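**Q** Okay, handing you the structure first.
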Amino acid sequence: MAPGATNAQGHEDAGEARERCFRTAIAAGDSSPGRRDPVPGKDVRPSIEGKTAADVAGDLANLRSEIGGMRGGASVTKKFCWLMIPAFAAVMVGSSALTATVNAQSPTELAQTMATAGSAYTALAPTRLLDTRTSGQTLTPNGSLNLTVTGGSVPTTATAVALNVTVTDTTAPSFLTVYPAGGTLPLVSNLNWSPGETVPNLVIVPVGSGGQVTFYNDQGSTDLVVDLEGYFAPEPSGTTAGSYVPLTPSRITDTRPGSSEPNAGNTLRPGSTLTIQVTDAGGVPSSGVTSALLNVTVTDTTTPSFLTVYPQGTTIPTASNLNWTAGDTVANRVVVPVSASGQISVYNDFGNADVVVDVNGYFTDGSSSPSNASLYYPMGPIRVLDTRIDAGTPGADSYLSEQFAGIDGMSSTANAILANLTSTNAFEPSYFSVVPEQATPTTSDVNFGASETVPNLVIASLNSQGDANIYNLQGTADAIVDVFGYFEPEGTPGQAAVVPCTAVSLTANVSTITQGTAVTATASATCPGGAAVSYEYWFQAPNASAWTLAQGSTTAGTFTYDTSNWIAGWIASDYQWTAGDYQLLVWVSSQSGVYQGVQASLPISVSVPITTSYGMGKVIVVNLVAQSLTAYDNGQVVLAAPVTTGMPGLRTPTGTFSIHWKATPYLFISPWPKGSPYYYSPEWATWVMNFLAGGFDIHDAPWEPVSAFGPGSENGPDASHGCVHVPYSAMQFLFAWSPDGTTVVIAS
C-alpha cells in the first residue's frame, strides 16, 4: 500500500444539498449506491441508508465524543447525482405530529463568511509561535486559547495564516478545532487523536478579531505546538505573485528501495538531510516558483523522531512538520519555499525513515502569468461530505466523486478547494487519494489503519465539471470533507455561489397509520430572499436499504404520500414482525436544478397487517412456492421467515395439520439405509415440532447456512426429506410461541 497523508501517532521531539455526483466502481450487477432517478432493482440511498431516525439522531448527539470529536475486479462505472449538506436531522415517533429540523448557519451568516476578494500566498521560514509545554498553557477539557498571528512577518491585512499544528501529551480521545478569534465554534475539526498520540496537521485558518486565531480542545488535556508557515493577503495590483497553480498530483520522491521514483534507495538515517528537486518535476515549471504544496509521508520508521522540511541551502528551523513513533506511517501537507535552484531539504532527527513526497501545486513569484494562476477565498468551514450519514461508505478500489464548484458558497469557476479530509471506520489499512479525474492514482493523501480516525489537509484540484474524486484502495472506510475555502483563477470571477437554505423542517399530520392511510408531510426552510425553492420527497421501507422517490422536483412545500402498498416490517435478526417505521425524507434547494444540501427526515409507524383468511387463534402457514413461513395470532402477523421444504421425490405434504408434540433437543436418524440416495448421517436439531405422523416436523437445521433458505431451496442441496427447515432464531421463537394443537397450514 503506497503511503500518503496520515496523521497517525507520532511524538514531537523534546526540544519542539447541493447536487452531488457520486461515481463508484461497483461489481457488475451490484446495487447502485445512490441516484436521484431510481432504476428498478437499484438502491437509492440518500443519507441515512441502513439507519433508523433514532440511529441517526443518536449518531449526531454523540458525534463529538463518539469518534474523537469529528464534529464536527471487473467493474462498471456508474454516475449518480443527488444532494446532501453538513447538517442532518431526524426525530423519533411522537404522539400525533412529528417534526424534524436542521440548524446550521443562516443565509446571512453564511454569506458573511464568503470572501469577496482573493488572496495571494506568502511563504515564510517556519517559525514557532507557541509551545504550551513551555508556556504552561496546556489545554484542558473544553478548553480554548487565543494566539496572535499578525504582527512581525504577518501583516495586519492578512486574511488567513498557514500553521503547522501538533498536539502531544494527549490524555483522552479528542479533537482540536482552529477558527478565527471572535467567531462561533464551527462544527468541524482539524485534528483527531487517541490517548498518548502525537498528531500534526497543516491548518489554514482565517485571521480573526485582534489578529488572532482560537484553538479549542474537546476532551482530556493536550499540549499544543504551533509553527507559522506563511500567510494569505490581498494580492498587489499588476502582479500574480503568490497566486496558486493547481496540478494533478504527482510523486516526485520515494526513498524506498525499488520504488523507481527519484531518490529511490536514499533512506534517511539519523541526523541526515535529503535534497529534493521540486521545480521541473511533477508538473512544476523550472522557474517562476516561490513555494510548493507537497504531501510529505514517512514510512518504515525505526524509532520515534521528527521531520523538518525547509528551503535547501538555509538553516534548519526550530520547527517540525511530521512526528512519529517506531513503525508509524505518518504524513502531513507542507507548503515550503524552494531555493534559487528549485530545491528543498528534508531533515530526519532519529532512526531510519523512508520519505515519500507528492506535489499538488505551486505558488508563483510573479515573473510569469500561468493561465490557471488562482487566488484564495477563505470561507466559513462547512461540512460538504460525511459518508457515515450520506453518499455511502467508499468500498474497495472505488471512487467517490464530489461536486464543489458552485456549491455551498464556492464559486462556479473554482479550480481547487482547501479542505480537511478525514478517514474513519476503516475496515482494514488503506489510503485515500484525491484526484481531479478517475485515473489510477499514483499518489495518496490520507493513510490509515483499521479503525483509525485520520485527518489531513488537502488542496484538491478540481476537474472541468468542478468535481474532485476520492479514491479508496481497499476495504471500506468513511470519508469526511470539511471545506475551509477555495481557489479561483485570477480575472475570471465565477457566478456568485447560491447560498443554500437552512433550518429545514418536516412535519406529518399523523405518526402511526394502517396500510392505505394517506400521510401528508409539510416541509419548510429558511432560504435566501428571492430564491426559487424546490423540494423532493422520498420514503424508505422498514429494513430496506433502497429509497424510493415519491415526488420529483416541485415547488410545493406539502406532499401527500400514497401508502396503499406500505406494510409493516420485521426484525431482521429473529424474523419477528413489528410495527414498521417508514422513513420520510425531503430535500430542499434554493437553486433550481441544483440540490446543494438541506434535508430533514422523520418516521411514520405502520401497524402490523391483519388477515382472517386462516381463522383466529395461532396459525402457522407454510407457502411451498415462496418457501416461506408466516405465523399469525388472531389474524396479526407475529413472525415471517424463509424456509426449506421437501426435495423432489420427498415433497412436504400439503393440507391442514396441527402440532402433535415438541422436543428439544432431538436427534434425527435416517430411516433409509446407507447406500440409499435419501440416507443422511445422524443430525441433532434444537427445536422440533411434529405436525404429521411419519416424521414430518418443523425444526431448525443447524447444518444449513442461513443464505440457503427461501425460494428455490426445496430443489437445492439442503432440501429436506419432507420436513420444514426454519432458521434457528425464528424456530426458537416459534417453539416457545406454539402450544400443542397449534394449526399448521401447508399450501402450494
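Chain labels follow the order of the C-alpha cells: the first chain is A, the next B, and so on; residue numbering restarts at 1 in every chain, and ligands are counted from 1 in their shown order.
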Do you know which residues are at most 9 Å from Leu462 in chain A counting only C-alpha atoms, after dropping those on the same chain fewer than 6 positions away, and could you put them as a ChimeraX atom specification?

**A** /A:246,403-405,414-417,435-437,468-469

**Q** Which residues, written as a compact mmCIF listing (two decimals) with N, CA and C atoms, in the first residue's frame, have at least one atom at most 7 Å from range 481-495 of chain A, with only C-alpha atoms counted and residues fewer than 6 positions away on the same chain left out?

**A**
# COMPACT_ATOMS: atom_id res chain seq x y z
N VAL A 188 -16.75 21.49 12.92
CA VAL A 188 -15.74 20.74 12.17
C VAL A 188 -14.53 20.58 13.07
N ASN A 372 -3.85 29.38 -15.27
CA ASN A 372 -4.71 28.98 -14.16
C ASN A 372 -4.20 29.46 -12.82
N ALA A 373 -3.38 30.53 -12.82
CA ALA A 373 -2.94 31.13 -11.56
C ALA A 373 -4.17 31.61 -10.79
N SER A 374 -4.27 31.23 -9.53
CA SER A 374 -5.52 31.43 -8.78
C SER A 374 -5.27 32.09 -7.44
N LEU A 375 -6.30 32.77 -6.95
CA LEU A 375 -6.27 33.39 -5.64
C LEU A 375 -7.16 32.62 -4.69
N TYR A 376 -6.88 32.79 -3.40
CA TYR A 376 -7.58 32.04 -2.36
C TYR A 376 -8.72 32.85 -1.77
N TYR A 377 -9.86 32.19 -1.58
CA TYR A 377 -11.04 32.81 -0.98
C TYR A 377 -11.42 32.00 0.26
N PRO A 378 -11.03 32.46 1.46
CA PRO A 378 -11.43 31.71 2.67
C PRO A 378 -12.92 31.84 2.90
N MET A 379 -13.49 30.86 3.57
CA MET A 379 -14.92 30.88 3.88
C MET A 379 -15.16 30.17 5.20
N GLY A 380 -16.33 30.36 5.75
CA GLY A 380 -16.68 29.68 6.98
C GLY A 380 -16.63 28.19 6.77
N PRO A 381 -16.04 27.41 7.69
CA PRO A 381 -15.95 25.96 7.49
C PRO A 381 -17.33 25.36 7.25
N ILE A 382 -17.40 24.45 6.30
CA ILE A 382 -18.66 23.79 6.02
C ILE A 382 -18.39 22.32 5.71
N ARG A 383 -19.15 21.45 6.34
CA ARG A 383 -19.03 20.01 6.09
C ARG A 383 -19.79 19.67 4.82
N VAL A 384 -19.05 19.33 3.77
CA VAL A 384 -19.65 19.05 2.47
C VAL A 384 -19.96 17.57 2.31
N LEU A 385 -19.22 16.73 3.01
CA LEU A 385 -19.41 15.28 2.85
C LEU A 385 -19.16 14.58 4.17
N ASP A 386 -20.01 13.64 4.51
CA ASP A 386 -19.81 12.73 5.63
C ASP A 386 -20.49 11.43 5.25
N MET A 410 -19.17 28.18 -2.73
CA MET A 410 -17.95 28.16 -3.54
C MET A 410 -18.25 28.64 -4.96
N SER A 411 -17.31 29.38 -5.53
CA SER A 411 -17.50 29.93 -6.87
C SER A 411 -17.71 28.84 -7.90
N SER A 412 -18.49 29.14 -8.93
CA SER A 412 -18.73 28.16 -10.00
C SER A 412 -17.50 27.95 -10.87
N THR A 413 -16.50 28.85 -10.78
CA THR A 413 -15.26 28.66 -11.55
C THR A 413 -14.09 28.27 -10.65
N ALA A 414 -14.36 27.84 -9.44
CA ALA A 414 -13.29 27.37 -8.55
C ALA A 414 -12.54 26.23 -9.22
N ASN A 415 -11.20 26.25 -9.11
CA ASN A 415 -10.41 25.17 -9.70
C ASN A 415 -9.67 24.34 -8.66
N ALA A 416 -9.81 24.68 -7.38
CA ALA A 416 -9.25 23.89 -6.29
C ALA A 416 -9.96 24.27 -5.01
N ILE A 417 -10.02 23.34 -4.07
CA ILE A 417 -10.62 23.63 -2.77
C ILE A 417 -9.62 23.27 -1.67
N LEU A 418 -9.70 23.99 -0.59
CA LEU A 418 -8.89 23.70 0.59
C LEU A 418 -9.80 23.09 1.63
N ALA A 419 -9.48 21.87 2.06
CA ALA A 419 -10.39 21.14 2.94
C ALA A 419 -9.62 20.19 3.83
N ASN A 420 -10.26 19.78 4.90
CA ASN A 420 -9.74 18.71 5.75
C ASN A 420 -10.43 17.42 5.31
N LEU A 421 -9.64 16.43 4.93
CA LEU A 421 -10.17 15.11 4.57
C LEU A 421 -9.85 14.15 5.70
N THR A 422 -10.88 13.53 6.27
CA THR A 422 -10.72 12.62 7.39
C THR A 422 -11.24 11.25 7.04

**Q** Suppose you want the space between CA of Val335 in chain A and CA of Leu294 in chain A; what is it in Å?

**A**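 Taking CA of Val335 in chain A and CA of Leu294 in chain A, their separation equals 6.2 Å.
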
**Q** Give me the residues within 9 Å of range 517-526 of chain A as a JSON list (two decimals) with C-alpha atoms, in the first residue's frame, counting only C-alpha atoms and dropping any in the same chain fewer than 2 places off.

**A**
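Saved file result_34.json follows:
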[["chain", "number", "residue", "atom", "x", "y", "z"],
["A", 101, "THR", "CA", -35.31, 20.16, 11.92],
["A", 102, "VAL", "CA", -31.84, 21.08, 10.73],
["A", 106, "SER", "CA", -28.34, 31.25, 8.49],
["A", 107, "PRO", "CA", -28.12, 32.51, 4.89],
["A", 500, "PRO", "CA", -28.28, 27.21, 0.45],
["A", 501, "CYS", "CA", -31.40, 27.07, 2.55],
["A", 502, "THR", "CA", -31.04, 26.21, 6.22],
["A", 503, "ALA", "CA", -33.17, 25.19, 9.20],
["A", 504, "VAL", "CA", -35.31, 22.79, 7.18],
["A", 505, "SER", "CA", -38.17, 21.05, 8.97],
["A", 506, "LEU", "CA", -40.53, 18.24, 8.03],
["A", 507, "THR", "CA", -43.81, 17.55, 9.79],
["A", 508, "ALA", "CA", -46.57, 14.99, 9.22],
["A", 509, "ASN", "CA", -50.26, 15.01, 10.09],
["A", 510, "VAL", "CA", -50.02, 11.55, 11.71],
["A", 511, "SER", "CA", -47.37, 9.45, 13.41],
["A", 513, "ILE", "CA", -51.09, 4.61, 10.38],
["A", 514, "THR", "CA", -52.56, 1.41, 8.98],
["A", 515, "GLN", "CA", -51.84, 0.48, 5.39],
["A", 528, "PRO", "CA", -32.29, 33.46, 0.82],
["A", 535, "TYR", "CA", -38.40, 20.15, -2.92],
["A", 537, "TYR", "CA", -39.97, 13.86, -1.36],
["A", 556, "ALA", "CA", -44.88, 22.58, -3.30],
["A", 557, "GLY", "CA", -43.92, 22.54, 0.36],
["A", 558, "THR", "CA", -46.63, 19.96, 1.08],
["A", 559, "PHE", "CA", -46.94, 16.43, -0.29],
["A", 560, "THR", "CA", -49.35, 13.55, 0.39],
["A", 561, "TYR", "CA", -47.84, 10.06, 0.38],
["A", 562, "ASP", "CA", -49.84, 7.13, -1.05],
["A", 563, "THR", "CA", -49.45, 4.31, 1.49],
["A", 564, "SER", "CA", -51.63, 1.70, -0.20],
["A", 584, "LEU", "CA", -39.86, 10.12, 5.08],
["A", 586, "VAL", "CA", -37.35, 15.89, 1.97],
["A", 588, "VAL", "CA", -34.73, 21.37, -0.20],
["A", 598, "VAL", "CA", -30.56, 20.75, 3.03],
["A", 600, "ALA", "CA", -34.82, 16.56, 7.04],
["A", 604, "ILE", "CA", -44.12, 7.06, 10.21]]

**Q** Give me, as CSV, each residue of range 207-264 of chain A that comes within 7 Å of range 164-177 of chain A, together with its shortest interatomic pair and the distance in Å at one decimal, counting only C-alpha atoms, with rows ordered by chain and rising residue number.

**A**
residue,atom,partner,partner_atom,distance
A:Phe215,CA,A:Thr177,CA,5.8
A:Tyr216,CA,A:Thr177,CA,5.2
A:Asn217,CA,A:Leu176,CA,4.8
A:Asp218,CA,A:Ser174,CA,5.7
A:Gln219,CA,A:Ser174,CA,5.0
A:Gly220,CA,A:Ala172,CA,4.8
A:Ser221,CA,A:Thr171,CA,5.6
A:Thr222,CA,A:Thr170,CA,4.5
A:Asp223,CA,A:Thr168,CA,5.3
A:Leu224,CA,A:Val167,CA,4.8
A:Val225,CA,A:Thr166,CA,5.0
A:Val226,CA,A:Val165,CA,4.7
A:Asp227,CA,A:Asn164,CA,5.0
A:Leu228,CA,A:Asn164,CA,6.5
A:Glu229,CA,A:Asn164,CA,6.9

**Q** Residues as selected, N, CA and C atoms, written as a short mmCIF file (atom, residue, chain, number, x, y, z; two decimals), in the first residue's frame, can you do that?

**A**
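Done, and the output landed in part_8.cif:
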data_model
loop_
_atom_site.label_atom_id
_atom_site.label_comp_id
_atom_site.auth_asym_id
_atom_site.auth_seq_id
_atom_site.Cartn_x
_atom_site.Cartn_y
_atom_site.Cartn_z
N PHE A 215 -7.88 28.14 19.39
CA PHE A 215 -7.72 26.69 19.41
C PHE A 215 -8.63 26.12 20.48
N TYR A 216 -9.47 25.15 20.11
CA TYR A 216 -10.42 24.53 21.05
C TYR A 216 -10.14 23.04 21.16
N ASN A 217 -10.00 22.55 22.40
CA ASN A 217 -9.83 21.12 22.68
C ASN A 217 -11.08 20.58 23.35
N ASP A 218 -11.54 19.41 22.91
CA ASP A 218 -12.81 18.92 23.41
C ASP A 218 -12.69 18.08 24.68
N GLN A 219 -11.85 17.04 24.68
CA GLN A 219 -11.80 16.11 25.81
C GLN A 219 -10.36 15.96 26.30
N GLY A 220 -10.24 15.65 27.59
CA GLY A 220 -8.92 15.42 28.17
C GLY A 220 -8.05 16.65 28.09
N SER A 221 -6.77 16.44 28.28
CA SER A 221 -5.83 17.56 28.17
C SER A 221 -4.83 17.28 27.06
N THR A 222 -4.27 18.33 26.50
CA THR A 222 -3.28 18.20 25.44
C THR A 222 -2.39 19.42 25.39
N ASP A 223 -1.14 19.19 25.03
CA ASP A 223 -0.25 20.31 24.72
C ASP A 223 -0.31 20.60 23.24
N LEU A 224 0.06 21.82 22.91
CA LEU A 224 -0.11 22.32 21.56
C LEU A 224 1.19 22.96 21.09
N VAL A 225 1.63 22.59 19.89
CA VAL A 225 2.81 23.20 19.27
C VAL A 225 2.37 23.80 17.94
N VAL A 226 2.63 25.10 17.75
CA VAL A 226 2.15 25.80 16.56
C VAL A 226 3.33 26.46 15.86
N ASP A 227 3.53 26.12 14.59
CA ASP A 227 4.58 26.72 13.77
C ASP A 227 3.95 27.50 12.62
N LEU A 228 4.37 28.74 12.44
CA LEU A 228 3.88 29.59 11.35
C LEU A 228 4.61 29.23 10.06
N GLU A 229 3.84 28.98 8.97
CA GLU A 229 4.42 28.60 7.68
C GLU A 229 4.28 29.69 6.63
#

**Q** Any idea what's packed within 12 Å of Tyr679 in chain A, counting only C-alpha atoms, ignoring anything in its chain fewer than 2 positions away? Could you give it as a ChimeraX atom specification?

**A** /A:668-677,681-683,720-721

**Q** Can I get the selected residues back with N, CA, C and O atoms, as a PDB file, in the first residue's frame?

**A**
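Once written, selection14.pdb looks like this:
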ATOM      1  N   PHE A 668     -32.088 -36.665  14.804  1.00  0.00           N
ATOM      2  CA  PHE A 668     -32.686 -37.234  13.599  1.00  0.00           C
ATOM      3  C   PHE A 668     -31.804 -38.380  13.087  1.00  0.00           C
ATOM      4  O   PHE A 668     -30.594 -38.201  12.893  1.00  0.00           O
ATOM      5  N   ILE A 669     -32.412 -39.565  12.913  1.00  0.00           N
ATOM      6  CA  ILE A 669     -31.707 -40.744  12.407  1.00  0.00           C
ATOM      7  C   ILE A 669     -32.386 -41.196  11.119  1.00  0.00           C
ATOM      8  O   ILE A 669     -33.617 -41.339  11.060  1.00  0.00           O
ATOM      9  N   SER A 670     -31.601 -41.407  10.099  1.00  0.00           N
ATOM     10  CA  SER A 670     -32.144 -41.739   8.785  1.00  0.00           C
ATOM     11  C   SER A 670     -32.914 -43.058   8.807  1.00  0.00           C
ATOM     12  O   SER A 670     -32.392 -44.079   9.267  1.00  0.00           O
ATOM     13  N   PRO A 671     -34.159 -43.052   8.311  1.00  0.00           N
ATOM     14  CA  PRO A 671     -34.889 -44.322   8.173  1.00  0.00           C
ATOM     15  C   PRO A 671     -34.459 -45.079   6.915  1.00  0.00           C
ATOM     16  O   PRO A 671     -34.861 -46.233   6.727  1.00  0.00           O
ATOM     17  N   TRP A 672     -33.669 -44.427   6.061  1.00  0.00           N
ATOM     18  CA  TRP A 672     -33.179 -45.074   4.849  1.00  0.00           C
ATOM     19  C   TRP A 672     -31.792 -45.649   5.110  1.00  0.00           C
ATOM     20  O   TRP A 672     -30.958 -45.056   5.804  1.00  0.00           O
ATOM     21  N   PRO A 673     -31.504 -46.809   4.563  1.00  0.00           N
ATOM     22  CA  PRO A 673     -30.200 -47.436   4.822  1.00  0.00           C
ATOM     23  C   PRO A 673     -29.094 -46.738   4.037  1.00  0.00           C
ATOM     24  O   PRO A 673     -29.337 -46.012   3.071  1.00  0.00           O
ATOM     25  N   LYS A 674     -27.868 -46.996   4.495  1.00  0.00           N
ATOM     26  CA  LYS A 674     -26.727 -46.478   3.757  1.00  0.00           C
ATOM     27  C   LYS A 674     -26.762 -47.023   2.334  1.00  0.00           C
ATOM     28  O   LYS A 674     -27.094 -48.183   2.111  1.00  0.00           O
ATOM     29  N   GLY A 675     -26.413 -46.224   1.403  1.00  0.00           N
ATOM     30  CA  GLY A 675     -26.496 -46.603   0.001  1.00  0.00           C
ATOM     31  C   GLY A 675     -27.726 -46.065  -0.672  1.00  0.00           C
ATOM     32  O   GLY A 675     -27.774 -45.927  -1.896  1.00  0.00           O
ATOM     33  N   SER A 676     -28.753 -45.729   0.132  1.00  0.00           N
ATOM     34  CA  SER A 676     -29.956 -45.105  -0.416  1.00  0.00           C
ATOM     35  C   SER A 676     -29.651 -43.651  -0.768  1.00  0.00           C
ATOM     36  O   SER A 676     -28.918 -42.975  -0.045  1.00  0.00           O
ATOM     37  N   PRO A 677     -30.225 -43.135  -1.855  1.00  0.00           N
ATOM     38  CA  PRO A 677     -30.000 -41.723  -2.209  1.00  0.00           C
ATOM     39  C   PRO A 677     -30.565 -40.759  -1.164  1.00  0.00           C
ATOM     40  O   PRO A 677     -30.224 -39.576  -1.167  1.00  0.00           O
ATOM     41  N   SER A 681     -26.619 -38.859   7.606  1.00  0.00           N
ATOM     42  CA  SER A 681     -25.991 -39.158   8.891  1.00  0.00           C
ATOM     43  C   SER A 681     -26.840 -38.596  10.017  1.00  0.00           C
ATOM     44  O   SER A 681     -27.607 -37.642   9.826  1.00  0.00           O
ATOM     45  N   PRO A 682     -26.726 -39.170  11.222  1.00  0.00           N
ATOM     46  CA  PRO A 682     -27.491 -38.637  12.353  1.00  0.00           C
ATOM     47  C   PRO A 682     -27.201 -37.142  12.565  1.00  0.00           C
ATOM     48  O   PRO A 682     -26.053 -36.707  12.483  1.00  0.00           O
ATOM     49  N   GLU A 683     -28.249 -36.365  12.787  1.00  0.00           N
ATOM     50  CA  GLU A 683     -28.119 -34.919  12.974  1.00  0.00           C
ATOM     51  C   GLU A 683     -28.970 -34.464  14.150  1.00  0.00           C
ATOM     52  O   GLU A 683     -30.117 -34.896  14.307  1.00  0.00           O
ATOM     53  N   SER A 720     -35.038 -30.628   2.394  1.00  0.00           N
ATOM     54  CA  SER A 720     -35.349 -31.593   3.453  1.00  0.00           C
ATOM     55  C   SER A 720     -35.880 -32.895   2.876  1.00  0.00           C
ATOM     56  O   SER A 720     -36.067 -33.046   1.662  1.00  0.00           O
ATOM     57  N   HIS A 721     -36.163 -33.815   3.797  1.00  0.00           N
ATOM     58  CA  HIS A 721     -36.755 -35.101   3.429  1.00  0.00           C
ATOM     59  C   HIS A 721     -38.259 -35.077   3.659  1.00  0.00           C
ATOM     60  O   HIS A 721     -38.889 -36.126   3.886  1.00  0.00           O
TER      61      HIS A 721
END

**Q** For Val203 in chain A, which residue among A:Thr611, A:Asn332, A:Ser729, A:Thr303 is the nearest when counting only C-alpha atoms?

**A**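 Of A:Thr611, A:Asn332, A:Ser729, A:Thr303, the one nearest Val203 in chain A is A:Asn332, counting only C-alpha atoms.
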
**Q** Check the DSSP output for the backbone and give back, as a PyMOL selection string, the residues of range 330-400 of chain A in strand (DSSP E).

**A** chain A and resi 330-337+343-348+354-364+374-386+398-400
